[in-house]
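Enquirer: Starting off with a structure, shown below.
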Amino acid sequence: MPQSADLIEIFDSFQGEGTLLGVRQLFLRFAGCNRNCIYCDTKKDPSDRGYSVEGLGSIHGVRFLPNPVSKTELLDVVKAMFSHCHHSISLTGGEPLLQANFLAEFLPDIAGLNIPVYLETNGTLPDELEEVLTYIDYIAMDIKLPSATGEKLDWNDTERFLKLSRSKQAMVKMVITGSTDLDEILMGAEMVSNISPETPLIIQPVTMIGKGYDPPDIEQIGEIHDRLSKFVRAVRVIPQVHRVLGAR
Ligand code: SF4
């Protein structure tokens with residue numbers, strides 16, 4: 001039986017995180033997440049009106065299309081919106097790999113259109129990644145540090161995920177708050193350094209949106225960067241940038 005997916009939104013914008021900062025992408029935000037990070041600023045449940053479709057900025061207006069969406073319906077939207085100025089489509093969420101069965105049917109058709117695929121993921125679902133890995137070009141995975149997210153992490157799943165990701169153009173991101181445990185940051189960084197030393201490691205200070213936690217100050221960031229630079233080949237400090245542009 002053909003699979004279908006639940007989406008939150010499709011929109012045109014610029015990548016605001018990581019090493020591909022600034023490339024223009026068509027974002028497909030899938031509904032649902034298997035995590036509950038305290039700093040989450042993302043809508044995870046679809047609205048009753050379906051998923052929204054929006055061009056760059058507000059001048060194009062917003063329209064709503066119904067969930068669940070079939071492979072053919074989604075391909076039609078992507079074909080209509082993807083243009084020469086786009087670098088790739090970004091599968092984001094929530095956690096897009098929760099809908100891996102759908103992606104396994106949808107992504108071969110995207111490959112047929114020669115559209116590169118960028119996966120933004122929390123890095124906790126290696127079985128689901130295996131299901132679609134062939135069709136992914138770029139992987140931006142998180143290491144969800146417990147002292148930043150407020151939740152436990154299965155480090156074995158993260159390690160398996162990272163091992164799978166290194167066959168692609170990958171980057172790893174760790175979001176940190178002012179109270180993130182330095183030992184956890186070092187543990188995540190050692191995992192990257194040991195398993196996939198060429199993979200860039202992004203330290204992303206949490207975006208302050210007033211939920212009762214603080215972003216790290218510049219001295220903390222400097223200390224972390226100093227410690228990681230001793231053994232991680234490519235460590236970068238990159239905050240979220242799309243908000244500066246007034247983009248999504
Ligand atoms: S993994 Fe991402 S979408 Fe899910 S709760 Fe955490 S920040 Fe939100």
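Numbering starts fresh at 1 for the residues of each chain in the structure tokens, the chains themselves are lettered A, B, ... in the order given, and ligands are numbered from 1 as they appear.
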Applying 7 Å and only C-alpha atoms, which residues near A:Pro96 remain after dropping the ones on its own chain fewer than 3 positions away? List them as a list of chain:residue names.

Expert: A:Phe30, A:Leu91, A:Thr92, A:Gly93, A:Gln99, A:Thr121

Enquirer: May I have the residues from that selection written out with all heavy atoms, as a PDB file, in the first residue's frame?

Expert:
ATOM      1  N   PHE A  30       8.399  18.024   8.096  1.00  0.00           N
ATOM      2  CA  PHE A  30       7.543  16.884   8.410  1.00  0.00           C
ATOM      3  C   PHE A  30       7.026  16.990   9.850  1.00  0.00           C
ATOM      4  O   PHE A  30       7.712  17.520  10.735  1.00  0.00           O
ATOM      5  CB  PHE A  30       8.316  15.574   8.213  1.00  0.00           C
ATOM      6  CG  PHE A  30       8.533  15.255   6.760  1.00  0.00           C
ATOM      7  CD1 PHE A  30       9.552  15.876   6.042  1.00  0.00           C
ATOM      8  CD2 PHE A  30       7.704  14.373   6.093  1.00  0.00           C
ATOM      9  CE1 PHE A  30       9.746  15.616   4.695  1.00  0.00           C
ATOM     10  CE2 PHE A  30       7.880  14.105   4.746  1.00  0.00           C
ATOM     11  CZ  PHE A  30       8.904  14.723   4.039  1.00  0.00           C
ATOM     12  N   LEU A  91      14.926  18.243   4.081  1.00  0.00           N
ATOM     13  CA  LEU A  91      13.928  17.471   4.831  1.00  0.00           C
ATOM     14  C   LEU A  91      14.140  17.807   6.290  1.00  0.00           C
ATOM     15  O   LEU A  91      15.198  17.511   6.856  1.00  0.00           O
ATOM     16  CB  LEU A  91      14.137  15.970   4.610  1.00  0.00           C
ATOM     17  CG  LEU A  91      14.284  15.515   3.156  1.00  0.00           C
ATOM     18  CD1 LEU A  91      14.591  14.022   3.105  1.00  0.00           C
ATOM     19  CD2 LEU A  91      13.016  15.831   2.362  1.00  0.00           C
ATOM     20  N   THR A  92      13.154  18.454   6.894  1.00  0.00           N
ATOM     21  CA  THR A  92      13.330  18.902   8.266  1.00  0.00           C
ATOM     22  C   THR A  92      12.093  18.550   9.078  1.00  0.00           C
ATOM     23  O   THR A  92      11.147  17.948   8.591  1.00  0.00           O
ATOM     24  CB  THR A  92      13.683  20.410   8.280  1.00  0.00           C
ATOM     25  OG1 THR A  92      14.060  20.794   9.588  1.00  0.00           O
ATOM     26  CG2 THR A  92      12.552  21.291   7.773  1.00  0.00           C
ATOM     27  N   GLY A  93      12.127  18.930  10.321  1.00  0.00           N
ATOM     28  CA  GLY A  93      10.986  18.594  11.165  1.00  0.00           C
ATOM     29  C   GLY A  93      10.899  19.549  12.337  1.00  0.00           C
ATOM     30  O   GLY A  93      11.391  20.674  12.265  1.00  0.00           O
ATOM     31  N   GLN A  99       9.113   9.430   9.327  1.00  0.00           N
ATOM     32  CA  GLN A  99       8.303   9.078   8.158  1.00  0.00           C
ATOM     33  C   GLN A  99       9.202   8.469   7.066  1.00  0.00           C
ATOM     34  O   GLN A  99       9.050   8.733   5.874  1.00  0.00           O
ATOM     35  CB  GLN A  99       7.521  10.306   7.689  1.00  0.00           C
ATOM     36  CG  GLN A  99       6.619  10.793   8.846  1.00  0.00           C
ATOM     37  CD  GLN A  99       5.674  11.911   8.500  1.00  0.00           C
ATOM     38  OE1 GLN A  99       4.807  11.750   7.648  1.00  0.00           O
ATOM     39  NE2 GLN A  99       5.837  13.035   9.173  1.00  0.00           N
ATOM     40  N   THR A 121      18.339  16.311  10.930  1.00  0.00           N
ATOM     41  CA  THR A 121      17.847  15.232  11.781  1.00  0.00           C
ATOM     42  C   THR A 121      18.439  15.316  13.180  1.00  0.00           C
ATOM     43  O   THR A 121      19.553  15.821  13.357  1.00  0.00           O
ATOM     44  CB  THR A 121      18.196  13.866  11.139  1.00  0.00           C
ATOM     45  OG1 THR A 121      17.952  12.808  12.085  1.00  0.00           O
ATOM     46  CG2 THR A 121      19.649  13.781  10.706  1.00  0.00           C
TER      47      THR A 121
END

Enquirer: Can you pull out every residue within 8 Å of A:Tyr51, counting only C-alpha atoms, but drop anything in the same chain fewer than 3 positions away, and send it as JSON, numbers by chain?

Expert: {"A": [6, 7, 8, 9, 10, 46, 47, 64, 65, 66, 67]}

Enquirer: Once you have the residues from the selection above, write them out as a compact mmCIF listing (two decimals), in the first residue's frame, restricted to all heavy atoms.

Expert:
# COMPACT_ATOMS: atom_id res chain seq x y z
N ASP A 6 2.54 13.21 6.81
CA ASP A 6 1.95 14.40 7.40
C ASP A 6 3.01 15.49 7.44
O ASP A 6 4.12 15.27 7.95
CB ASP A 6 1.45 14.12 8.82
CG ASP A 6 0.16 13.33 8.80
OD1 ASP A 6 -0.69 13.61 7.94
OD2 ASP A 6 0.01 12.43 9.63
N LEU A 7 2.65 16.64 6.91
CA LEU A 7 3.58 17.77 6.87
C LEU A 7 3.07 18.92 7.72
O LEU A 7 1.85 19.06 7.94
CB LEU A 7 3.75 18.27 5.43
CG LEU A 7 4.40 17.36 4.39
CD1 LEU A 7 4.42 18.06 3.05
CD2 LEU A 7 5.80 17.00 4.80
N ILE A 8 3.99 19.74 8.15
CA ILE A 8 3.64 20.99 8.81
C ILE A 8 3.62 22.12 7.78
O ILE A 8 2.69 22.92 7.74
CB ILE A 8 4.68 21.35 9.90
CG1 ILE A 8 4.75 20.26 10.97
CG2 ILE A 8 4.40 22.73 10.49
CD1 ILE A 8 3.57 20.21 11.89
N GLU A 9 4.67 22.15 6.94
CA GLU A 9 4.77 23.27 6.00
C GLU A 9 5.81 22.97 4.93
O GLU A 9 6.71 22.13 5.12
CB GLU A 9 5.16 24.56 6.74
CG GLU A 9 6.46 24.44 7.53
CD GLU A 9 6.78 25.67 8.38
OE1 GLU A 9 6.07 26.68 8.25
OE2 GLU A 9 7.74 25.60 9.16
N ILE A 10 5.68 23.69 3.83
CA ILE A 10 6.72 23.75 2.79
C ILE A 10 7.00 25.23 2.57
O ILE A 10 6.06 26.02 2.42
CB ILE A 10 6.25 23.10 1.48
CG1 ILE A 10 5.96 21.60 1.71
CG2 ILE A 10 7.29 23.27 0.39
CD1 ILE A 10 5.48 20.88 0.46
N PRO A 46 0.57 19.07 12.99
CA PRO A 46 -0.05 19.75 11.86
C PRO A 46 -1.33 20.47 12.28
O PRO A 46 -2.00 20.05 13.21
CB PRO A 46 -0.36 18.62 10.88
CG PRO A 46 -0.22 17.36 11.62
CD PRO A 46 0.52 17.62 12.88
N SER A 47 -1.65 21.53 11.56
CA SER A 47 -2.89 22.24 11.88
C SER A 47 -4.05 21.52 11.20
O SER A 47 -3.87 20.73 10.27
CB SER A 47 -2.78 23.70 11.41
OG SER A 47 -3.42 23.87 10.19
N PHE A 64 -2.99 26.52 1.97
CA PHE A 64 -2.97 25.27 2.75
C PHE A 64 -3.41 24.11 1.88
O PHE A 64 -4.33 24.24 1.07
CB PHE A 64 -3.90 25.40 3.97
CG PHE A 64 -3.32 26.27 5.05
CD1 PHE A 64 -3.51 27.64 5.00
CD2 PHE A 64 -2.58 25.72 6.08
CE1 PHE A 64 -2.97 28.46 5.99
CE2 PHE A 64 -2.03 26.53 7.06
CZ PHE A 64 -2.22 27.90 7.02
N LEU A 65 -2.70 22.99 2.05
CA LEU A 65 -3.06 21.77 1.34
C LEU A 65 -3.29 20.67 2.37
O LEU A 65 -2.71 20.70 3.46
CB LEU A 65 -1.93 21.38 0.37
CG LEU A 65 -1.71 22.35 -0.80
CD1 LEU A 65 -0.43 22.01 -1.56
CD2 LEU A 65 -2.91 22.34 -1.73
N PRO A 66 -4.12 19.69 2.03
CA PRO A 66 -4.53 18.72 3.06
C PRO A 66 -3.47 17.65 3.36
O PRO A 66 -2.74 17.21 2.48
CB PRO A 66 -5.78 18.08 2.45
CG PRO A 66 -5.63 18.28 0.98
CD PRO A 66 -4.85 19.52 0.76
N ASN A 67 -3.43 17.25 4.62
CA ASN A 67 -2.70 16.06 5.06
C ASN A 67 -3.68 14.88 5.12
O ASN A 67 -4.88 15.10 5.30
CB ASN A 67 -2.15 16.28 6.47
CG ASN A 67 -0.84 17.04 6.48
OD1 ASN A 67 0.06 16.75 5.70
ND2 ASN A 67 -0.73 18.01 7.37

Enquirer: Need to verify the contact set: A:Asp217, 12 Å, only C-alpha atoms, exclusion of same-chain residues closer than 2 positions in sequence. Can you return it as a list in words?

Expert: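 After dropping sequence-adjacent residues, the list is Ile176, Thr177, Gly178, Ser179, Thr180, Pro205, Val206, Met208, Asp214, Pro215, Glu219, Gln220, Ile221, Gly222, Glu223 and Ile224 of chain A.
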
Enquirer: Grab me every residue within 7 Å of ligand 1, counting only C-alpha atoms and all ligand atoms, and send it over as a list in words.

Expert: Cys33, Asn34, Arg35, Asn36, Cys37, Tyr39, Cys40, Asp41, Thr42, Lys44, Gly93, Gly94, Glu95 and Asn122 of chain A

Enquirer: Find, counting only C-alpha atoms, the residue in A:Arg227, A:Glu151, A:Gln169, A:Thr207 that gets nearest to A:Asp183.

Expert: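 Smallest distance to A:Asp183 is found for A:Arg227.
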
Enquirer: Find the residues around A:Arg166 up to 9 Å (only C-alpha atoms counted), leave out those fewer than 2 positions away in its own chain, and share them as a PyMOL selection string.

Expert: chain A and resi 139+161-164+168-171+195-196+198-199

Enquirer: Can I get the selection written as an mmCIF file, in the first residue's frame, with N, CA and C atoms?

Expert:
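out36.cif, freshly written:
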data_model
loop_
_atom_site.group_PDB
_atom_site.id
_atom_site.type_symbol
_atom_site.label_atom_id
_atom_site.label_comp_id
_atom_site.auth_asym_id
_atom_site.auth_seq_id
_atom_site.Cartn_x
_atom_site.Cartn_y
_atom_site.Cartn_z
ATOM 1 N N ILE A 139 23.863 15.377 5.157
ATOM 2 C CA ILE A 139 23.233 15.078 6.454
ATOM 3 C C ILE A 139 23.728 16.080 7.490
ATOM 4 N N PHE A 161 24.377 6.182 14.126
ATOM 5 C CA PHE A 161 23.917 7.189 13.169
ATOM 6 C C PHE A 161 25.114 7.888 12.518
ATOM 7 N N LEU A 162 26.073 8.248 13.348
ATOM 8 C CA LEU A 162 27.258 8.952 12.842
ATOM 9 C C LEU A 162 28.051 8.049 11.881
ATOM 10 N N LYS A 163 28.153 6.773 12.221
ATOM 11 C CA LYS A 163 28.884 5.841 11.337
ATOM 12 C C LYS A 163 28.217 5.744 9.974
ATOM 13 N N LEU A 164 26.890 5.736 9.969
ATOM 14 C CA LEU A 164 26.175 5.688 8.683
ATOM 15 C C LEU A 164 26.352 6.998 7.912
ATOM 16 N N LYS A 168 28.273 10.143 3.609
ATOM 17 C CA LYS A 168 27.656 11.275 2.902
ATOM 18 C C LYS A 168 28.386 12.565 3.255
ATOM 19 N N GLN A 169 27.959 13.679 2.667
ATOM 20 C CA GLN A 169 28.504 14.977 3.084
ATOM 21 C C GLN A 169 27.784 15.354 4.379
ATOM 22 N N ALA A 170 28.472 15.139 5.468
ATOM 23 C CA ALA A 170 27.809 15.262 6.765
ATOM 24 C C ALA A 170 28.396 16.393 7.586
ATOM 25 N N MET A 171 27.593 16.867 8.529
ATOM 26 C CA MET A 171 28.072 17.774 9.565
ATOM 27 C C MET A 171 27.337 17.397 10.845
ATOM 28 N N ILE A 195 35.245 8.692 15.096
ATOM 29 C CA ILE A 195 34.488 7.944 14.089
ATOM 30 C C ILE A 195 34.555 8.599 12.719
ATOM 31 N N SER A 196 34.525 9.917 12.699
ATOM 32 C CA SER A 196 34.431 10.614 11.422
ATOM 33 C C SER A 196 35.236 11.913 11.479
ATOM 34 N N GLU A 198 36.869 13.793 9.570
ATOM 35 C CA GLU A 198 36.750 14.865 8.568
ATOM 36 C C GLU A 198 35.436 15.638 8.688
ATOM 37 N N THR A 199 34.538 15.156 9.505
ATOM 38 C CA THR A 199 33.218 15.781 9.587
ATOM 39 C C THR A 199 33.268 17.061 10.418
#

Enquirer: Per DSSP on the backbone, what are the strand (DSSP E or B) residues of stretch 6-150 of chain A, as a ChimeraX atom specification?

Expert: /A:7-14,24-30,47,50-54,62-65,69-70,88-92,117-121,138-142

Enquirer: So, counting only C-alpha atoms, which residue among A:Asp181, A:Asp157, A:Asp142, A:Asp76 is closest to A:Ile110?

Expert: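 Counting only C-alpha atoms, the residue closest to A:Ile110 is A:Asp76.
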
Enquirer: Please identify the alpha helix (DSSP H) residues within stretch 29-228 of chain A (assignment by DSSP from backbone atoms) and present them as a PyMOL selection string.

Expert: chain A and resi 71-81+100-112+126-132+146-149+155-165+182-195+218-228

Enquirer: Rounded to one decimal place, report the atom CA of A:Phe82-atom CA of A:Leu26 distance in Å.

Expert: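 One can read the atom CA of A:Phe82 to atom CA of A:Leu26 distance as 6.6 Å.
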
Enquirer: Can you tell me which residues surround A:Val117 at a distance of at most 7 Å, considering only C-alpha atoms, apart from same-chain residues fewer than 2 positions away, and format the answer as a tab-separated table (two decimals) with all heavy atoms, in the first residue's frame?

Expert:
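Output contents, as saved in selection34.tsv:
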chain	number	residue	atom	x	y	z
A	88	SER	N	19.08	22.74	-2.93
A	88	SER	CA	18.61	21.40	-2.56
A	88	SER	C	17.24	21.52	-1.90
A	88	SER	O	16.79	22.63	-1.60
A	88	SER	CB	19.59	20.75	-1.57
A	88	SER	OG	19.94	21.66	-0.54
A	89	ILE	N	16.61	20.38	-1.67
A	89	ILE	CA	15.47	20.39	-0.75
A	89	ILE	C	15.99	19.99	0.62
A	89	ILE	O	16.92	19.17	0.73
A	89	ILE	CB	14.31	19.45	-1.18
A	89	ILE	CG1	14.75	17.99	-1.29
A	89	ILE	CG2	13.66	19.93	-2.45
A	89	ILE	CD1	13.58	17.01	-1.39
A	90	SER	N	15.42	20.58	1.64
A	90	SER	CA	15.79	20.23	3.01
A	90	SER	C	14.64	19.48	3.65
A	90	SER	O	13.52	19.99	3.74
A	90	SER	CB	16.11	21.49	3.81
A	90	SER	OG	16.32	21.13	5.17
A	115	ILE	N	17.45	16.49	-8.04
A	115	ILE	CA	17.38	17.48	-6.96
A	115	ILE	C	18.15	16.92	-5.76
A	115	ILE	O	17.81	15.85	-5.25
A	115	ILE	CB	15.92	17.78	-6.56
A	115	ILE	CG1	15.18	18.45	-7.72
A	115	ILE	CG2	15.87	18.65	-5.30
A	115	ILE	CD1	13.71	18.72	-7.45
A	119	LEU	N	19.30	16.37	4.59
A	119	LEU	CA	18.50	15.86	5.72
A	119	LEU	C	18.92	16.56	7.01
A	119	LEU	O	20.08	16.51	7.39
A	119	LEU	CB	18.72	14.35	5.86
A	119	LEU	CG	18.08	13.69	7.09
A	119	LEU	CD1	16.55	13.70	7.01
A	119	LEU	CD2	18.60	12.25	7.26
A	136	ILE	N	20.10	10.23	0.14
A	136	ILE	CA	20.45	11.47	0.83
A	136	ILE	C	21.84	11.93	0.37
A	136	ILE	O	22.77	11.12	0.28
A	136	ILE	CB	20.50	11.24	2.37
A	136	ILE	CG1	19.20	10.60	2.87
A	136	ILE	CG2	20.80	12.55	3.10
A	136	ILE	CD1	18.02	11.48	2.93
A	137	ASP	N	21.98	13.23	0.11
A	137	ASP	CA	23.28	13.77	-0.29
A	137	ASP	C	24.00	14.43	0.88
A	137	ASP	O	25.21	14.31	1.02
A	137	ASP	CB	23.08	14.79	-1.42
A	137	ASP	CG	22.42	14.17	-2.63
A	137	ASP	OD1	23.09	13.36	-3.29
A	137	ASP	OD2	21.24	14.44	-2.88
A	138	TYR	N	23.26	15.17	1.68
A	138	TYR	CA	23.84	15.92	2.81
A	138	TYR	C	23.10	15.53	4.10
A	138	TYR	O	21.87	15.41	4.08
A	138	TYR	CB	23.68	17.43	2.61
A	138	TYR	CG	24.28	17.96	1.32
A	138	TYR	CD1	23.54	17.98	0.16
A	138	TYR	CD2	25.59	18.43	1.28
A	138	TYR	CE1	24.08	18.46	-1.03
A	138	TYR	CE2	26.15	18.91	0.10
A	138	TYR	CZ	25.38	18.91	-1.05
A	138	TYR	OH	25.92	19.40	-2.22

Enquirer: Closest to A:Leu56 among A:Val132, A:Val232, A:Ala31, A:Met81, using only C-alpha atoms?

Expert: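 Closest candidate: A:Met81.
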
Enquirer: Closest to A:His87 among A:Pro200, A:Gly61, A:Pro116, A:Gly246, using only C-alpha atoms?

Expert: A:Pro116

Enquirer: For a test of reading the model, state the distance in Å between atom CA of A:Leu97 and atom CA of A:Leu125, rounded to one decimal.

Expert: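 One can read the atom CA of A:Leu97 to atom CA of A:Leu125 distance as 7.0 Å.
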
Enquirer: Considering only C-alpha atoms, return as a list in words whatever protein or nucleic-acid residues lie within 8 Å of A:Val241, sequence-local ones (same chain, fewer than 2 positions apart) excluded.

Expert: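 My reading of the contact set: Gly16, Glu17, Leu21, Pro239, Arg243, Val244 and Leu245 of chain A.
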
Enquirer: Applying 8 Å and only C-alpha atoms, which residues near A:Ala100 remain after dropping the ones on its own chain fewer than 6 positions away? List them as a list of chain:residue names.

Expert: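 Residues near the query, excluding close chain neighbours: A:Glu128, A:Leu129, A:Glu131, A:Val132.
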
Enquirer: Take the residues just selected and output them with N, CA, C and O atoms as a PDB file, in the first residue's frame.

Expert:
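Done, and the output landed in again_30.pdb:
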ATOM      1  N   GLU A 128      16.052   3.951  10.745  1.00  0.00           N
ATOM      2  CA  GLU A 128      15.292   4.700   9.749  1.00  0.00           C
ATOM      3  C   GLU A 128      16.243   5.376   8.751  1.00  0.00           C
ATOM      4  O   GLU A 128      15.935   5.469   7.560  1.00  0.00           O
ATOM      5  N   LEU A 129      17.390   5.833   9.230  1.00  0.00           N
ATOM      6  CA  LEU A 129      18.364   6.430   8.306  1.00  0.00           C
ATOM      7  C   LEU A 129      18.819   5.402   7.270  1.00  0.00           C
ATOM      8  O   LEU A 129      18.917   5.702   6.074  1.00  0.00           O
ATOM      9  N   GLU A 131      17.255   3.056   6.011  1.00  0.00           N
ATOM     10  CA  GLU A 131      16.207   2.822   5.026  1.00  0.00           C
ATOM     11  C   GLU A 131      16.284   3.800   3.848  1.00  0.00           C
ATOM     12  O   GLU A 131      15.885   3.462   2.739  1.00  0.00           O
ATOM     13  N   VAL A 132      16.773   5.010   4.093  1.00  0.00           N
ATOM     14  CA  VAL A 132      16.737   6.046   3.040  1.00  0.00           C
ATOM     15  C   VAL A 132      18.120   6.596   2.666  1.00  0.00           C
ATOM     16  O   VAL A 132      18.231   7.463   1.807  1.00  0.00           O
TER      17      VAL A 132
END

Enquirer: Find the distance between atom CA of A:Gln204 and atom CA of A:Ser229 and write it in Å to one decimal.

Expert: 15.2 Å
